[in-house]
Amino acid sequence: MSSSFPHLMQPGRIGSMALKNRIFMTAMGDNLAEEDGMCGARTRAYYAARAKGGAAMLTVGSVSVGYPVGSNCQWQVALSGDRHIPSIKGVADVVHEHGAKLALQLHFGGLVAMTDMKEGRPVWCPSVPLPPKPGDVMDGFLLEEIAQADFANVKEVSFKVMTAQDAEHLIQMFADAAARAKEAGADGVELHGGHGYIFSSFISPASNRRTDEYGGPLENRARLLIDAVKAVRSQVGQDYPVWCKIDEEEFGKEGGITLEEAKGLAKLLQSAGVDAITASSYADQSQGKYHSGSNIPHEPELMIPGAIAIKSVLDVPVITSGRIEPEAADKYIGEGKFDFVAMGRKLLADPDLPNKLKAGKPQDVRPCIYCYACVSQIYFSKNVKCAVNPETAFERERAIEPAVGRKHVVVIGGGPGGMESARRLALKGHKVTLLEQSDRLGGTIQFASIAYAPNERILNWLKRQVAALSIDVRLKTSATPELLKVLDPDEIVVATGAIRTMPPIPGGDRANVFSGDDMRRLVLGENLDTLKGKTSWTTRIAAKAGSLTGVTRSPELIREATKAWMPLGDKIVIIGGELVGVELAEFLAERGRKVTVVDEAPRLGAGLHIVRRWRALSEARDLGVVLLPGMNDIAIGDDRVTFTDADGQNHVVEADNVIVAKGATGNLALADSLTAAGFKVHTVGDCNGVGYIEGAMADAADVAVAI
Ligand SMILES: Cc1cc2nc3c(=O)[nH]c(=O)nc-3n(C[C@H](O)[C@H](O)[C@H](O)COP(=O)(O)O)c2cc1C
């Protein structure tokens with residue numbers, strides 16, 4: 001079969017392991033295990049879906065070799081005893097059934113072993129760590145999250161500075177786990193030598209201050225990992241694939257691992273007998289932004305330069321990750337810059353990505369929107385999930401199964417919840433009519449795509465999928481009782497979104513104040529007449545022209561056009577600092593506006609997942625946005641907003657325009673009236689209460705199962 005990704009689709013090899021293509025699923029701790037680190041049906045279904053999707057090899061992330069000792073989370077997969085062999089064998093069997101290989105990433109937490117901290121055990125380390133640099137990690141959590149976070153149960157942290165005997169014990173744990181992996185039918189093991197865990201805490205000069213044979217020069221700091229590789233090798237034999245994941249760099253960490261050291265380490269590991277190197281990175285974790293600036297990067301291709309540098313000193317293959325698009329992976333692999341791409345978030349969003357590429361249908365791949373829902377779960381000991389793919393970790397519950405009897409379903413509302421419902425119902429075999437009041441599909445996600453560009457990927461994907469299915473899409477069509485009577489549906493899905501009312505803020509009716517709906521109309525060029533009192537006729541004409549020329553139909557074009565012109569003054573105050581307010585602040589600041597965000601809430605960024613929130617707040621600050629949570633008596637005056645702080649001090653901020661980014665609530669009025677009229681009604685998305693894209697997609701999946 002011809003393929004548009006010839007290099008990604010070519011077979012490869014790691015040691016003795018033959019691989020059908022160059023796409024792996026990278027190690028991701030999924031926290032899907034049951035009691036005692038055991039994999040059950042849920043884990044098997046999660047891996048089976050990804051094996052079926054066509055990846056050559058899947059890696060079970062962070063498999064604990066000492067469970068519960070040294071583990072990050074109670075729900076981590078374990079291989080610390082022979083009792084775990086059948087549990088891993090179950091996963092290996094389902095993965096093999098679908099023609100993929102299975103690797104296990106062997107892991108021991110060390111300094112970041114949260115379970116040890118929670119259960120009062122000392123954490124294993126090379127040296128007692130220096131106090132962390134003051135950072136913003138804690139400030140990123142909402143107050144209610146702090147109580148739920150993993151660290152809430154940590155009373156005191158104590159340290160076990162490892163002796164040579166402890167080192168021997170640790171190495172034996174890895175060797176034993178590798179032997180069990182082989183016995184369980186796993187096809188190879190990756191030793192986790194990065195991300196602040198035990199081996200990298202020894203390798204990094206920032207955390208290793210020893211003066212014995214484990215400290216000082218790289219050869220000494222790498223000794224623990226090198227000895228573990230040798231011990232594993234002697235347990236599993238020459239032919240069993242063994243490799244290491246290492247940090248190519250520790251970004252922003254004073255005295256941390258550098259690329260030169262990583263190259264040296266990779267050479268030492270090659271000499272010790274590894275079959276490959278996985279090039280990753282790490283960072284200073286006291287600075288929240290770095291979580292998405294290192295091993296789970298926001299910057300596309302962040303780790304590629306380091307991977308290329310490491311490959312240049314090795315003979316064994318190099319695997320790398322980090323927001324690498326298939327086109328880029330294909331190019332780099334074709335050029336011999338690295339050998340395998342290990343995808344994480346992309347395979348949470350769409351397990352079938354490899355098969356879709358192979359079939360020449362990259363446009364059908366459901367895209368990750370970099371919302372960090374997946375990894376933020378880790379901070380709360382919760383299992384992996386995906387905002388755009390509600391089936392992730394719910395493979396059995398939310399699978400699209402053929403409908404038993406074909407029904408006619410009318411979906412009302414063409415936002416993400418409506419489109420996803422329509423798509424799923426059509427795939428089940430139902431007859432679907434999708435009614436959208438405005439002249440285009442997208443709903444709130446259009447506006448969300450302007451403020452945060454990655455959202456546009458899922459908007460466009462949903463539109464493409466709806467267009468490709470036989471769904472009767474009716475734009476500019478209201479769901480009137482008359483129409484519904486004519487359509488005579490068996491069931492109705494209401495996905496009409498939230499209602500946005502102007503909260504009672506003094507001065508909220510002034511001409512320089514825009515509500516969320518006003519902004520939406522202005523930017524999307526919809527219902528401009530309602531803005532008469534607030535905008536000049538020239539502005540409305542410009543917005544209308546944008547709408548007619550199609551500019552306002554494309555979030556990407558709007559993002560570009562608004563860099564040159566926007567009908568807003570220089571100084572803008574946003575009242576409301578949840579997801580919409582924070583993303584809007586960043587968008588406006590990037591367009592040269594001086595922005596202040598003020599809210600009564602004690603912490604900003606509710607609605608964003610912690611890892612994304614860290615980044616969004618930090619980027620907003622970097623752009624000069626003034627963030628003012630915990631303010632009272634907010635009022636809008638002439639060219640200004642006034643408020644008081646927690647100490648009762650009065651503040652005044654000048655404002656050419658004020659944007660009120662709050663006041664959205666669920667709205668079940670239509671659903672209730674249709675139910676009263678005798679229809680069988682389901683509700684999806686923000687009409688149930690604001691749940692953003694994630695809530696809409698999850699509701700759509702559940703409703704599609706129910707119909
Ligand atoms: C939910 C989640 C969990 C992760 N857990 C691990 C882990 O257990 N071990 C590891 O080495 N990397 C872990 N990572 C990092 C990934 O292996 C990978 O390096 C990163 O996601 C970048 O690749 P991507 O852009 O394709 O997602 C995790 C990433 C995610 C998103």
# chains A, B, ... in the order shown; residues from 1 in each chain; ligands from 1
call {"tool": "residues_around", "arguments": {"residues": "Leu106 of chain A", "least_positions_apart": "5", "cutoff": "8 Å", "atoms": "only C-alpha atoms", "output": "number ranges by chain"}}
result
A: 61-65, 174, 177-178, 189-192
call {"tool": "closest_atom_pairs", "arguments": {"of": "chain A", "to": "ligand 1", "cutoff": "6 Å", "atoms": "only C-alpha atoms and all ligand atoms", "output": "Markdown table"}}
result
| residue | atom | partner | partner_atom_place_in_ligand_line | distance |
| --- | --- | --- | --- | --- |
| A:Thr26 | CA | ligand 1 | 17 (O) | 4.7 |
| A:Ala27 | CA | ligand 1 | 17 (O) | 4.3 |
| A:Met28 | CA | ligand 1 | 5 (N) | 3.3 |
| A:Gly29 | CA | ligand 1 | 8 (O) | 3.6 |
| A:Gly61 | CA | ligand 1 | 8 (O) | 4.1 |
| A:Ser62 | CA | ligand 1 | 8 (O) | 4.2 |
| A:Ser280 | CA | ligand 1 | 19 (O) | 6.0 |
| A:Asn295 | CA | ligand 1 | 19 (O) | 5.1 |
| A:Ile296 | CA | ligand 1 | 20 (C) | 4.1 |
| A:Ser321 | CA | ligand 1 | 23 (O) | 4.4 |
| A:Gly322 | CA | ligand 1 | 25 (O) | 3.4 |
| A:Arg323 | CA | ligand 1 | 25 (O) | 3.5 |
| A:Met343 | CA | ligand 1 | 26 (O) | 3.7 |
| A:Gly344 | CA | ligand 1 | 27 (O) | 3.5 |
| A:Arg345 | CA | ligand 1 | 27 (O) | 3.8 |
| A:Lys346 | CA | ligand 1 | 26 (O) | 5.8 |
| A:Cys374 | CA | ligand 1 | 1 (C) | 4.5 |
| A:Val375 | CA | ligand 1 | 1 (C) | 3.8 |
| A:Val384 | CA | ligand 1 | 1 (C) | 5.7 |
call {"tool": "closest_residue", "arguments": {"among": "A:Thr501, A:Thr320, A:Ser449, A:Asn650", "to": "Asp517 of chain A", "atoms": "only C-alpha atoms"}}
result
A:Thr501
call {"tool": "closest_atom_pairs", "arguments": {"of": "segment 367-452 of chain A", "to": "segment 489-492 of chain A", "cutoff": "12 Å", "atoms": "only C-alpha atoms", "output": "JSON lines"}}
result
{"residue": "A:Gly405", "atom": "CA", "partner": "A:Asp490", "partner_atom": "CA", "distance": 11.1}
{"residue": "A:Arg406", "atom": "CA", "partner": "A:Asp490", "partner_atom": "CA", "distance": 9.6}
{"residue": "A:Lys407", "atom": "CA", "partner": "A:Asp490", "partner_atom": "CA", "distance": 5.9}
{"residue": "A:His408", "atom": "CA", "partner": "A:Pro489", "partner_atom": "CA", "distance": 5.1}
{"residue": "A:Val409", "atom": "CA", "partner": "A:Glu491", "partner_atom": "CA", "distance": 5.0}
{"residue": "A:Val410", "atom": "CA", "partner": "A:Ile492", "partner_atom": "CA", "distance": 4.9}
{"residue": "A:Val411", "atom": "CA", "partner": "A:Ile492", "partner_atom": "CA", "distance": 5.8}
{"residue": "A:Ile412", "atom": "CA", "partner": "A:Ile492", "partner_atom": "CA", "distance": 7.5}
{"residue": "A:Gly413", "atom": "CA", "partner": "A:Ile492", "partner_atom": "CA", "distance": 10.9}
{"residue": "A:Gly418", "atom": "CA", "partner": "A:Ile492", "partner_atom": "CA", "distance": 10.8}
{"residue": "A:Ser421", "atom": "CA", "partner": "A:Ile492", "partner_atom": "CA", "distance": 10.7}
{"residue": "A:Ala422", "atom": "CA", "partner": "A:Ile492", "partner_atom": "CA", "distance": 10.8}
{"residue": "A:Leu425", "atom": "CA", "partner": "A:Glu491", "partner_atom": "CA", "distance": 11.2}
{"residue": "A:His430", "atom": "CA", "partner": "A:Asp490", "partner_atom": "CA", "distance": 10.3}
{"residue": "A:Lys431", "atom": "CA", "partner": "A:Pro489", "partner_atom": "CA", "distance": 9.3}
{"residue": "A:Val432", "atom": "CA", "partner": "A:Pro489", "partner_atom": "CA", "distance": 9.1}
{"residue": "A:Thr433", "atom": "CA", "partner": "A:Pro489", "partner_atom": "CA", "distance": 8.9}
{"residue": "A:Leu434", "atom": "CA", "partner": "A:Ile492", "partner_atom": "CA", "distance": 10.0}
{"residue": "A:Leu435", "atom": "CA", "partner": "A:Ile492", "partner_atom": "CA", "distance": 10.8}
call {"tool": "write_last_selection", "arguments": {"atoms": "all heavy atoms", "output": "short mmCIF file (atom, residue, chain, number, x, y, z; two decimals), in the first residue's frame"}}
result
data_model
loop_
_atom_site.label_atom_id
_atom_site.label_comp_id
_atom_site.auth_asym_id
_atom_site.auth_seq_id
_atom_site.Cartn_x
_atom_site.Cartn_y
_atom_site.Cartn_z
N GLY A 405 -31.42 -0.92 16.97
CA GLY A 405 -32.49 -0.50 16.05
C GLY A 405 -32.17 0.91 15.57
O GLY A 405 -31.70 1.73 16.34
N ARG A 406 -32.41 1.20 14.29
CA ARG A 406 -32.07 2.53 13.77
C ARG A 406 -33.12 3.54 14.20
O ARG A 406 -34.32 3.34 13.99
CB ARG A 406 -31.99 2.47 12.24
CG ARG A 406 -31.44 3.74 11.63
CD ARG A 406 -31.08 3.51 10.18
NE ARG A 406 -30.21 4.56 9.68
CZ ARG A 406 -30.61 5.51 8.84
NH1 ARG A 406 -31.85 5.55 8.40
NH2 ARG A 406 -29.74 6.44 8.44
N LYS A 407 -32.65 4.62 14.82
CA LYS A 407 -33.58 5.65 15.27
C LYS A 407 -33.30 6.94 14.52
O LYS A 407 -32.20 7.12 13.99
CB LYS A 407 -33.38 5.92 16.77
CG LYS A 407 -33.78 4.76 17.64
CD LYS A 407 -33.53 5.10 19.10
CE LYS A 407 -33.87 3.90 19.98
NZ LYS A 407 -33.37 4.05 21.34
N HIS A 408 -34.28 7.83 14.51
CA HIS A 408 -34.02 9.18 14.00
C HIS A 408 -33.75 10.07 15.21
O HIS A 408 -34.61 10.23 16.08
CB HIS A 408 -35.22 9.69 13.20
CG HIS A 408 -35.01 11.09 12.70
ND1 HIS A 408 -36.04 11.92 12.36
CD2 HIS A 408 -33.87 11.80 12.46
CE1 HIS A 408 -35.55 13.09 11.95
NE2 HIS A 408 -34.24 13.03 12.01
N VAL A 409 -32.56 10.65 15.25
CA VAL A 409 -32.21 11.51 16.39
C VAL A 409 -31.98 12.92 15.86
O VAL A 409 -31.22 13.12 14.91
CB VAL A 409 -30.92 11.02 17.08
CG1 VAL A 409 -30.65 11.84 18.34
CG2 VAL A 409 -31.00 9.54 17.43
N VAL A 410 -32.64 13.88 16.49
CA VAL A 410 -32.38 15.28 16.16
C VAL A 410 -31.44 15.84 17.23
O VAL A 410 -31.71 15.73 18.43
CB VAL A 410 -33.68 16.10 16.11
CG1 VAL A 410 -33.39 17.59 16.04
CG2 VAL A 410 -34.51 15.69 14.90
N VAL A 411 -30.32 16.38 16.77
CA VAL A 411 -29.37 17.02 17.68
C VAL A 411 -29.54 18.52 17.52
O VAL A 411 -29.46 19.04 16.40
CB VAL A 411 -27.92 16.60 17.35
CG1 VAL A 411 -26.94 17.31 18.28
CG2 VAL A 411 -27.76 15.08 17.45
N ILE A 412 -29.77 19.21 18.63
CA ILE A 412 -29.98 20.65 18.54
C ILE A 412 -28.74 21.36 19.08
O ILE A 412 -28.39 21.24 20.26
CB ILE A 412 -31.23 21.08 19.36
CG1 ILE A 412 -32.45 20.26 18.93
CG2 ILE A 412 -31.49 22.58 19.20
CD1 ILE A 412 -33.69 20.50 19.79
N GLY A 413 -28.07 22.08 18.22
CA GLY A 413 -26.87 22.82 18.61
C GLY A 413 -25.63 22.23 17.95
O GLY A 413 -25.37 21.03 18.11
N GLY A 418 -22.71 19.04 20.35
CA GLY A 418 -23.67 18.65 19.32
C GLY A 418 -22.99 17.91 18.18
O GLY A 418 -23.48 16.87 17.71
N SER A 421 -21.89 14.46 19.37
CA SER A 421 -23.06 13.58 19.52
C SER A 421 -23.50 13.09 18.15
O SER A 421 -23.74 11.90 17.94
CB SER A 421 -24.23 14.31 20.18
OG SER A 421 -23.88 14.78 21.44
N ALA A 422 -23.61 14.05 17.22
CA ALA A 422 -24.08 13.69 15.87
C ALA A 422 -23.13 12.68 15.24
O ALA A 422 -23.56 11.69 14.63
CB ALA A 422 -24.17 14.96 15.02
N LEU A 425 -23.53 9.24 16.96
CA LEU A 425 -24.83 8.61 16.66
C LEU A 425 -24.86 8.13 15.21
O LEU A 425 -25.36 7.04 14.92
CB LEU A 425 -25.95 9.61 16.94
CG LEU A 425 -26.15 9.92 18.43
CD1 LEU A 425 -26.96 11.20 18.61
CD2 LEU A 425 -26.82 8.74 19.14
N HIS A 430 -27.46 5.46 13.39
CA HIS A 430 -28.73 6.18 13.50
C HIS A 430 -28.85 7.22 12.39
O HIS A 430 -27.85 7.66 11.82
CB HIS A 430 -28.81 6.90 14.85
CG HIS A 430 -28.96 5.97 16.02
ND1 HIS A 430 -29.94 5.01 16.08
CD2 HIS A 430 -28.24 5.85 17.17
CE1 HIS A 430 -29.83 4.34 17.22
NE2 HIS A 430 -28.79 4.82 17.90
N LYS A 431 -30.09 7.61 12.12
CA LYS A 431 -30.34 8.72 11.20
C LYS A 431 -30.25 10.00 12.04
O LYS A 431 -30.95 10.11 13.06
CB LYS A 431 -31.75 8.55 10.61
CG LYS A 431 -32.20 9.69 9.76
CD LYS A 431 -33.60 9.38 9.20
CE LYS A 431 -34.04 10.66 8.56
NZ LYS A 431 -35.19 11.00 8.17
N VAL A 432 -29.40 10.93 11.64
CA VAL A 432 -29.16 12.11 12.49
C VAL A 432 -29.45 13.39 11.73
O VAL A 432 -28.99 13.59 10.60
CB VAL A 432 -27.68 12.14 12.98
CG1 VAL A 432 -27.46 13.33 13.90
CG2 VAL A 432 -27.33 10.85 13.70
N THR A 433 -30.23 14.26 12.37
CA THR A 433 -30.44 15.61 11.85
C THR A 433 -29.83 16.58 12.86
O THR A 433 -30.13 16.49 14.06
CB THR A 433 -31.95 15.91 11.69
OG1 THR A 433 -32.54 14.86 10.92
CG2 THR A 433 -32.18 17.25 11.02
N LEU A 434 -28.97 17.45 12.38
CA LEU A 434 -28.28 18.39 13.28
C LEU A 434 -28.77 19.80 12.97
O LEU A 434 -28.59 20.31 11.85
CB LEU A 434 -26.77 18.28 13.07
CG LEU A 434 -25.85 19.26 13.81
CD1 LEU A 434 -26.04 19.17 15.32
CD2 LEU A 434 -24.38 18.97 13.48
N LEU A 435 -29.40 20.43 13.95
CA LEU A 435 -29.95 21.78 13.75
C LEU A 435 -29.04 22.81 14.41
O LEU A 435 -28.69 22.68 15.59
CB LEU A 435 -31.34 21.89 14.38
CG LEU A 435 -32.38 20.82 13.99
CD1 LEU A 435 -33.70 21.10 14.71
CD2 LEU A 435 -32.58 20.79 12.48
#
call {"tool": "select_by_dssp", "arguments": {"residues": "segment 246-460 of chain A", "states": "helix (DSSP H, G or I)", "output": "JSON, numbers by chain"}}
result
{"A": [259, 260, 261, 262, 263, 264, 265, 266, 267, 268, 269, 270, 271, 272, 288, 289, 290, 291, 292, 304, 305, 306, 307, 308, 309, 310, 311, 326, 327, 328, 329, 330, 331, 332, 333, 334, 345, 346, 347, 348, 349, 353, 354, 355, 356, 357, 358, 362, 363, 364, 373, 374, 375, 376, 377, 378, 379, 380, 416, 417, 418, 419, 420, 421, 422, 423, 424, 425, 426, 427, 428, 444, 445, 446, 447, 448, 449, 450, 451, 455, 456, 457, 458, 459, 460]}
call {"tool": "residues_around", "arguments": {"residues": "Val77 of chain A", "least_positions_apart": "3", "cutoff": "10 Å", "atoms": "only C-alpha atoms", "output": "count of residues only"}}
result
29
call {"tool": "residues_around", "arguments": {"residues": "Val580 of chain A", "least_positions_apart": "6", "cutoff": "9 Å", "atoms": "only C-alpha atoms", "output": "number ranges by chain"}}
result
A: 448, 451, 516, 605, 607, 661-662
call {"tool": "select_by_dssp", "arguments": {"residues": "segment 307-460 of chain A", "states": "strand (DSSP E or B)", "output": "ChimeraX atom specification"}}
result
/A:318-320,340-343,408-412,431-435
call {"tool": "closest_atom_pairs", "arguments": {"of": "segment 477-531 of chain A", "to": "segment 557-574 of chain A", "cutoff": "12 Å", "atoms": "only C-alpha atoms", "output": "tab-separated table"}}
result
residue	atom	partner	partner_atom	distance
A:Asn512	CA	A:Leu568	CA	9.1
A:Val513	CA	A:Val573	CA	9.5
A:Phe514	CA	A:Ile574	CA	9.5
A:Ser515	CA	A:Ile574	CA	9.9
A:Gly516	CA	A:Ile574	CA	10.3
A:Met519	CA	A:Pro567	CA	10.2
A:Arg520	CA	A:Ile558	CA	11.9
A:Leu522	CA	A:Pro567	CA	8.7
A:Val523	CA	A:Ile558	CA	7.6
A:Leu524	CA	A:Ile558	CA	8.4
A:Gly525	CA	A:Ile558	CA	10.6
call {"tool": "write_last_selection", "arguments": {"atoms": "N, CA, C and O atoms", "output": "PDB file, in the first residue's frame"}}
result
ATOM      1  N   ASN A 512     -18.561  51.209  27.226  1.00  0.00           N
ATOM      2  CA  ASN A 512     -17.223  50.630  26.978  1.00  0.00           C
ATOM      3  C   ASN A 512     -17.089  49.217  27.560  1.00  0.00           C
ATOM      4  O   ASN A 512     -16.000  48.672  27.632  1.00  0.00           O
ATOM      5  N   VAL A 513     -18.228  48.637  27.974  1.00  0.00           N
ATOM      6  CA  VAL A 513     -18.181  47.312  28.596  1.00  0.00           C
ATOM      7  C   VAL A 513     -18.711  46.262  27.619  1.00  0.00           C
ATOM      8  O   VAL A 513     -19.794  46.427  27.048  1.00  0.00           O
ATOM      9  N   PHE A 514     -17.940  45.213  27.428  1.00  0.00           N
ATOM     10  CA  PHE A 514     -18.371  44.106  26.580  1.00  0.00           C
ATOM     11  C   PHE A 514     -18.608  42.877  27.444  1.00  0.00           C
ATOM     12  O   PHE A 514     -17.740  42.519  28.253  1.00  0.00           O
ATOM     13  N   SER A 515     -19.736  42.232  27.225  1.00  0.00           N
ATOM     14  CA  SER A 515     -19.948  40.941  27.884  1.00  0.00           C
ATOM     15  C   SER A 515     -19.269  39.869  27.041  1.00  0.00           C
ATOM     16  O   SER A 515     -18.816  40.144  25.917  1.00  0.00           O
ATOM     17  N   GLY A 516     -19.229  38.667  27.551  1.00  0.00           N
ATOM     18  CA  GLY A 516     -18.680  37.552  26.781  1.00  0.00           C
ATOM     19  C   GLY A 516     -19.407  37.414  25.446  1.00  0.00           C
ATOM     20  O   GLY A 516     -18.793  37.211  24.404  1.00  0.00           O
ATOM     21  N   MET A 519     -18.362  40.147  22.940  1.00  0.00           N
ATOM     22  CA  MET A 519     -17.054  39.866  22.338  1.00  0.00           C
ATOM     23  C   MET A 519     -17.193  38.814  21.247  1.00  0.00           C
ATOM     24  O   MET A 519     -16.614  38.898  20.178  1.00  0.00           O
ATOM     25  N   ARG A 520     -18.000  37.835  21.566  1.00  0.00           N
ATOM     26  CA  ARG A 520     -18.213  36.749  20.626  1.00  0.00           C
ATOM     27  C   ARG A 520     -18.839  37.276  19.331  1.00  0.00           C
ATOM     28  O   ARG A 520     -18.397  36.958  18.229  1.00  0.00           O
ATOM     29  N   LEU A 522     -18.783  40.325  18.194  1.00  0.00           N
ATOM     30  CA  LEU A 522     -17.871  41.235  17.510  1.00  0.00           C
ATOM     31  C   LEU A 522     -16.820  40.450  16.728  1.00  0.00           C
ATOM     32  O   LEU A 522     -16.562  40.703  15.557  1.00  0.00           O
ATOM     33  N   VAL A 523     -16.250  39.496  17.406  1.00  0.00           N
ATOM     34  CA  VAL A 523     -15.136  38.777  16.788  1.00  0.00           C
ATOM     35  C   VAL A 523     -15.633  37.846  15.684  1.00  0.00           C
ATOM     36  O   VAL A 523     -14.991  37.685  14.654  1.00  0.00           O
ATOM     37  N   LEU A 524     -16.803  37.261  15.900  1.00  0.00           N
ATOM     38  CA  LEU A 524     -17.298  36.320  14.892  1.00  0.00           C
ATOM     39  C   LEU A 524     -18.183  37.000  13.847  1.00  0.00           C
ATOM     40  O   LEU A 524     -18.615  36.371  12.889  1.00  0.00           O
ATOM     41  N   GLY A 525     -18.440  38.307  14.058  1.00  0.00           N
ATOM     42  CA  GLY A 525     -19.264  39.030  13.091  1.00  0.00           C
ATOM     43  C   GLY A 525     -20.714  38.581  13.088  1.00  0.00           C
ATOM     44  O   GLY A 525     -21.382  38.609  12.065  1.00  0.00           O
TER      45      GLY A 525
END
call {"tool": "atom_distance", "arguments": {"atom1": "atom CA of Ala147 of chain A", "atom2": "atom CA of Arg613 of chain A"}}
result
17.4 Å
call {"tool": "residues_around", "arguments": {"residues": "segment 686-691 of chain A", "least_positions_apart": "3", "cutoff": "12 Å", "atoms": "only C-alpha atoms", "output": "ChimeraX atom specification"}}
result
/A:387,412-413,415-418,443-445,493-500,578-580,606-608,662-672,682-683,694-700
call {"tool": "residues_around", "arguments": {"residues": "Tyr214 of chain A", "least_positions_apart": "5", "cutoff": "9 Å", "atoms": "only C-alpha atoms", "output": "list in words"}}
result
Pro126, Ala164, Phe202, Ile203, Asn208, Glu219, Asn220, Arg221, Ala222, Arg223 and Leu224 of chain A
call {"tool": "atom_distance", "arguments": {"atom1": "atom CA of Gly429 of chain A", "atom2": "atom CA of Leu487 of chain A"}}
result
17.8 Å
call {"tool": "atom_distance", "arguments": {"atom1": "atom CA of Gly215 of chain A", "atom2": "atom CA of Ala167 of chain A"}}
result
13.1 Å
call {"tool": "residues_around", "arguments": {"residues": "Glu248 of chain A", "least_positions_apart": "4", "cutoff": "7 Å", "atoms": "only C-alpha atoms", "output": "PDB file with all heavy atoms, in the first residue's frame"}}
result
ATOM      1  N   THR A 258      23.280  18.706  31.494  1.00  0.00           N
ATOM      2  CA  THR A 258      23.429  19.445  30.238  1.00  0.00           C
ATOM      3  C   THR A 258      23.465  18.441  29.084  1.00  0.00           C
ATOM      4  O   THR A 258      23.696  17.248  29.300  1.00  0.00           O
ATOM      5  CB  THR A 258      24.753  20.227  30.217  1.00  0.00           C
ATOM      6  OG1 THR A 258      25.824  19.267  30.327  1.00  0.00           O
ATOM      7  CG2 THR A 258      24.827  21.226  31.357  1.00  0.00           C
ATOM      8  N   LEU A 259      23.309  18.958  27.881  1.00  0.00           N
ATOM      9  CA  LEU A 259      23.313  18.081  26.712  1.00  0.00           C
ATOM     10  C   LEU A 259      24.663  17.373  26.560  1.00  0.00           C
ATOM     11  O   LEU A 259      24.706  16.191  26.206  1.00  0.00           O
ATOM     12  CB  LEU A 259      22.974  18.902  25.454  1.00  0.00           C
ATOM     13  CG  LEU A 259      22.876  18.113  24.155  1.00  0.00           C
ATOM     14  CD1 LEU A 259      21.891  16.958  24.254  1.00  0.00           C
ATOM     15  CD2 LEU A 259      22.453  19.030  22.997  1.00  0.00           C
ATOM     16  N   ALA A 262      24.628  14.536  28.793  1.00  0.00           N
ATOM     17  CA  ALA A 262      23.695  13.508  28.318  1.00  0.00           C
ATOM     18  C   ALA A 262      24.345  12.688  27.206  1.00  0.00           C
ATOM     19  O   ALA A 262      24.148  11.465  27.130  1.00  0.00           O
ATOM     20  CB  ALA A 262      22.410  14.166  27.826  1.00  0.00           C
ATOM     21  N   ALA A 279      15.457   9.686  24.269  1.00  0.00           N
ATOM     22  CA  ALA A 279      15.904  11.038  24.638  1.00  0.00           C
ATOM     23  C   ALA A 279      14.701  11.852  25.086  1.00  0.00           C
ATOM     24  O   ALA A 279      13.795  12.139  24.309  1.00  0.00           O
ATOM     25  CB  ALA A 279      16.588  11.697  23.452  1.00  0.00           C
ATOM     26  N   SER A 280      14.721  12.228  26.374  1.00  0.00           N
ATOM     27  CA  SER A 280      13.649  13.048  26.932  1.00  0.00           C
ATOM     28  C   SER A 280      14.303  14.254  27.607  1.00  0.00           C
ATOM     29  O   SER A 280      15.480  14.542  27.363  1.00  0.00           O
ATOM     30  CB  SER A 280      12.843  12.217  27.926  1.00  0.00           C
ATOM     31  OG  SER A 280      11.730  12.924  28.395  1.00  0.00           O
ATOM     32  N   SER A 281      13.584  14.942  28.455  1.00  0.00           N
ATOM     33  CA  SER A 281      14.184  16.083  29.151  1.00  0.00           C
ATOM     34  C   SER A 281      13.442  16.300  30.467  1.00  0.00           C
ATOM     35  O   SER A 281      12.399  15.695  30.717  1.00  0.00           O
ATOM     36  CB  SER A 281      14.108  17.339  28.285  1.00  0.00           C
ATOM     37  OG  SER A 281      12.756  17.656  28.030  1.00  0.00           O
ATOM     38  N   GLY A 306      18.199  17.900  20.879  1.00  0.00           N
ATOM     39  CA  GLY A 306      18.971  17.063  21.810  1.00  0.00           C
ATOM     40  C   GLY A 306      19.036  15.616  21.340  1.00  0.00           C
ATOM     41  O   GLY A 306      20.081  14.962  21.443  1.00  0.00           O
TER      42      GLY A 306
END
call {"tool": "closest_residue", "arguments": {"among": "A:Asp509, A:Glu395, A:Glu420, A:Glu119", "to": "Val69 of chain A", "atoms": "only C-alpha atoms"}}
result
A:Glu119
call {"tool": "closest_residue", "arguments": {"among": "A:Ala206, A:Val157, A:Ala601, A:Val123", "to": "Phe251 of chain A", "atoms": "only C-alpha atoms"}}
result
A:Ala206
call {"tool": "closest_residue", "arguments": {"among": "A:Ile333, A:Ile257, A:Ser271, A:Gly264", "to": "Val229 of chain A", "atoms": "only C-alpha atoms"}}
result
A:Ser271
